[in-house]
Amino acid sequence: MKLIQYYVINRKTFALIPTFDSYGHLFTRVIEGDTSFLVSMSPLQIIEESIIYFGNDYKGARVAAKQALGNIDMPPIKISGSLGIYWFPSMSPSRDECIWFCEDHIDDTIFLSRKKTKIILPLGHEIIMEGSKKHFDLKLHRARDYRKKIETRTTGTSYILHKPHEDVLIIKEHNPNSYQFDQTAQKKKN
């Protein structure tokens, strides 16, 4: 299998699977399109480097996801909003066994046993992982919900802007040339 030193996630990346060599060194098996190869980085390192590459950082991505979804454990992560790349971990990202999945590339999940699930990816890729189908499906649902919330915020038809030191509430409608001003919005004065 081909080995590369550095990797950044792209739209064709399906999954990041931790893989250990015979000496116990952690690598990542990347599934990208119809190919698979090894990278001399951990899955978490690839996630962190990819987020930086697209202009953010891992900590900020986690904070943003928790703000949108509530204070949940192991939130999904936005790698790049403009490219629609959202990922989620199979378990705690701090664990070496954590597999990362792109929410957009999950075709199906199949129950194998109480603690084993088969993940069906595009182009015939299949991953059998430790963990319940119910738990995996919840993580997938959260990732898709997060993507929907972010896309609604960034491409939605309206938003409200309230500057705390002004008494005017500005509501911007879908038409960028149309603004409505509400002079009745008043701050509480101490």
# chains A, B, ... in the order shown; residues from 1 in each chain; ligands from 1

call {"tool": "select_by_dssp", "arguments": {"residues": "segment 98-127 of chain A", "states": "strand (DSSP E or B)", "output": "PyMOL selection string"}}
result
chain A and resi 100-102+108-113+116-120+126-127

call {"tool": "write_last_selection", "arguments": {"atoms": "N, CA and C atoms", "output": "mmCIF file, in the first residue's frame"}}
result
data_model
loop_
_atom_site.group_PDB
_atom_site.id
_atom_site.type_symbol
_atom_site.label_atom_id
_atom_site.label_comp_id
_atom_site.auth_asym_id
_atom_site.auth_seq_id
_atom_site.Cartn_x
_atom_site.Cartn_y
_atom_site.Cartn_z
ATOM 1 N N TRP A 100 -12.558 8.321 11.869
ATOM 2 C CA TRP A 100 -13.274 9.538 11.482
ATOM 3 C C TRP A 100 -14.003 9.291 10.164
ATOM 4 N N PHE A 101 -15.246 9.800 10.085
ATOM 5 C CA PHE A 101 -16.083 9.612 8.902
ATOM 6 C C PHE A 101 -16.564 10.959 8.365
ATOM 7 N N CYS A 102 -16.668 11.043 7.055
ATOM 8 C CA CYS A 102 -17.295 12.199 6.412
ATOM 9 C C CYS A 102 -18.796 11.933 6.367
ATOM 10 N N ASP A 108 -24.943 3.745 4.182
ATOM 11 C CA ASP A 108 -25.822 2.920 5.010
ATOM 12 C C ASP A 108 -25.051 2.438 6.233
ATOM 13 N N THR A 109 -25.805 2.051 7.252
ATOM 14 C CA THR A 109 -25.221 1.399 8.427
ATOM 15 C C THR A 109 -25.994 0.103 8.660
ATOM 16 N N ILE A 110 -25.274 -0.959 8.987
ATOM 17 C CA ILE A 110 -25.896 -2.273 9.143
ATOM 18 C C ILE A 110 -25.534 -2.846 10.512
ATOM 19 N N PHE A 111 -26.549 -3.267 11.239
ATOM 20 C CA PHE A 111 -26.364 -3.910 12.537
ATOM 21 C C PHE A 111 -25.723 -5.275 12.331
ATOM 22 N N LEU A 112 -24.599 -5.526 13.017
ATOM 23 C CA LEU A 112 -23.977 -6.845 12.979
ATOM 24 C C LEU A 112 -24.147 -7.557 14.316
ATOM 25 N N SER A 113 -23.957 -6.813 15.397
ATOM 26 C CA SER A 113 -24.176 -7.332 16.744
ATOM 27 C C SER A 113 -24.343 -6.126 17.662
ATOM 28 N N LYS A 116 -21.063 -4.248 17.218
ATOM 29 C CA LYS A 116 -20.392 -4.187 15.915
ATOM 30 C C LYS A 116 -21.359 -3.648 14.873
ATOM 31 N N THR A 117 -20.836 -2.743 14.040
ATOM 32 C CA THR A 117 -21.641 -2.112 12.999
ATOM 33 C C THR A 117 -20.856 -2.093 11.703
ATOM 34 N N LYS A 118 -21.533 -2.372 10.605
ATOM 35 C CA LYS A 118 -20.906 -2.258 9.286
ATOM 36 C C LYS A 118 -21.324 -0.916 8.688
ATOM 37 N N ILE A 119 -20.340 -0.157 8.254
ATOM 38 C CA ILE A 119 -20.572 1.141 7.627
ATOM 39 C C ILE A 119 -20.345 0.968 6.130
ATOM 40 N N ILE A 120 -21.347 1.335 5.353
ATOM 41 C CA ILE A 120 -21.255 1.236 3.896
ATOM 42 C C ILE A 120 -20.948 2.625 3.346
ATOM 43 N N GLU A 126 -16.446 -0.805 2.642
ATOM 44 C CA GLU A 126 -17.160 -1.203 3.855
ATOM 45 C C GLU A 126 -16.180 -1.187 5.020
ATOM 46 N N ILE A 127 -16.653 -0.697 6.163
ATOM 47 C CA ILE A 127 -15.842 -0.685 7.377
ATOM 48 C C ILE A 127 -16.647 -1.368 8.471
#

call {"tool": "select_by_dssp", "arguments": {"residues": "segment 51-94 of chain A", "states": "alpha helix (DSSP H)", "output": "PyMOL selection string"}}
result
chain A and resi 51-53+58-69

call {"tool": "residues_around", "arguments": {"residues": "His135 of chain A", "least_positions_apart": "3", "cutoff": "12 Å", "atoms": "only C-alpha atoms", "output": "list in words"}}
result
Met74, Pro89, Ser90, Met91, Thr109, Phe111, Arg114, Lys115, Lys116, Thr117, Met129, Glu130, Gly131, Ser132, Leu138, Lys139, Leu140, His141 and Arg142 of chain A

call {"tool": "residues_around", "arguments": {"residues": "Val39 of chain A", "least_positions_apart": "2", "cutoff": "9 Å", "atoms": "only C-alpha atoms", "output": "VMD selection string"}}
result
chain A and resid 2 to 7 27 to 30 37 41 to 43 46

call {"tool": "closest_residue", "arguments": {"among": "A:Thr35, A:Asp57, A:Phe88, A:Glu97", "to": "Asp137 of chain A", "atoms": "only C-alpha atoms"}}
result
A:Phe88

call {"tool": "residues_around", "arguments": {"residues": "Gly124 of chain A", "least_positions_apart": "6", "cutoff": "12 Å", "atoms": "only C-alpha atoms", "output": "ChimeraX atom specification"}}
result
/A:14,31-35,105-108

call {"tool": "atom_distance", "arguments": {"atom1": "atom CA of Ser36 of chain A", "atom2": "atom CA of Leu16 of chain A"}}
result
9.9 Å

call {"tool": "atom_distance", "arguments": {"atom1": "atom CA of Ala65 of chain A", "atom2": "atom CA of Tyr86 of chain A"}}
result
10.5 Å

call {"tool": "residues_around", "arguments": {"residues": "Gly81 of chain A", "least_positions_apart": "5", "cutoff": "12 Å", "atoms": "only C-alpha atoms", "output": "PyMOL selection string"}}
result
chain A and resi 10-11+51+54-56+61+64+86-87+146-155

call {"tool": "decode", "arguments": {"residues": "segment 55-87 of chain A", "atoms": "C-alpha atoms", "output": "tab-separated table (two decimals), in the first residue's frame"}}
result
chain	number	residue	atom	x	y	z
A	55	GLY	CA	-8.60	28.57	7.91
A	56	ASN	CA	-9.73	27.48	11.36
A	57	ASP	CA	-8.45	25.38	14.23
A	58	TYR	CA	-9.62	22.21	15.94
A	59	LYS	CA	-10.49	23.86	19.24
A	60	GLY	CA	-12.51	26.56	17.49
A	61	ALA	CA	-14.29	23.96	15.36
A	62	ARG	CA	-15.29	22.03	18.51
A	63	VAL	CA	-16.51	25.20	20.25
A	64	ALA	CA	-18.58	26.17	17.20
A	65	ALA	CA	-20.18	22.72	16.99
A	66	LYS	CA	-21.05	22.73	20.70
A	67	GLN	CA	-22.55	26.21	20.35
A	68	ALA	CA	-24.78	24.99	17.53
A	69	LEU	CA	-25.71	21.57	18.94
A	70	GLY	CA	-25.44	22.01	22.69
A	71	ASN	CA	-22.73	20.83	25.02
A	72	ILE	CA	-22.44	17.31	23.60
A	73	ASP	CA	-19.51	14.92	23.84
A	74	MET	CA	-17.56	14.18	20.67
A	75	PRO	CA	-19.25	16.78	18.44
A	76	PRO	CA	-19.00	16.68	14.66
A	77	ILE	CA	-16.43	18.99	13.12
A	78	LYS	CA	-16.66	21.40	10.19
A	79	ILE	CA	-13.49	21.00	8.13
A	80	SER	CA	-14.61	23.48	5.45
A	81	GLY	CA	-18.05	25.06	5.30
A	82	SER	CA	-17.56	26.45	1.80
A	83	LEU	CA	-16.73	22.97	0.49
A	84	GLY	CA	-19.40	21.28	2.65
A	85	ILE	CA	-16.91	19.02	4.45
A	86	TYR	CA	-18.21	17.85	7.86
A	87	TRP	CA	-16.71	14.95	9.82
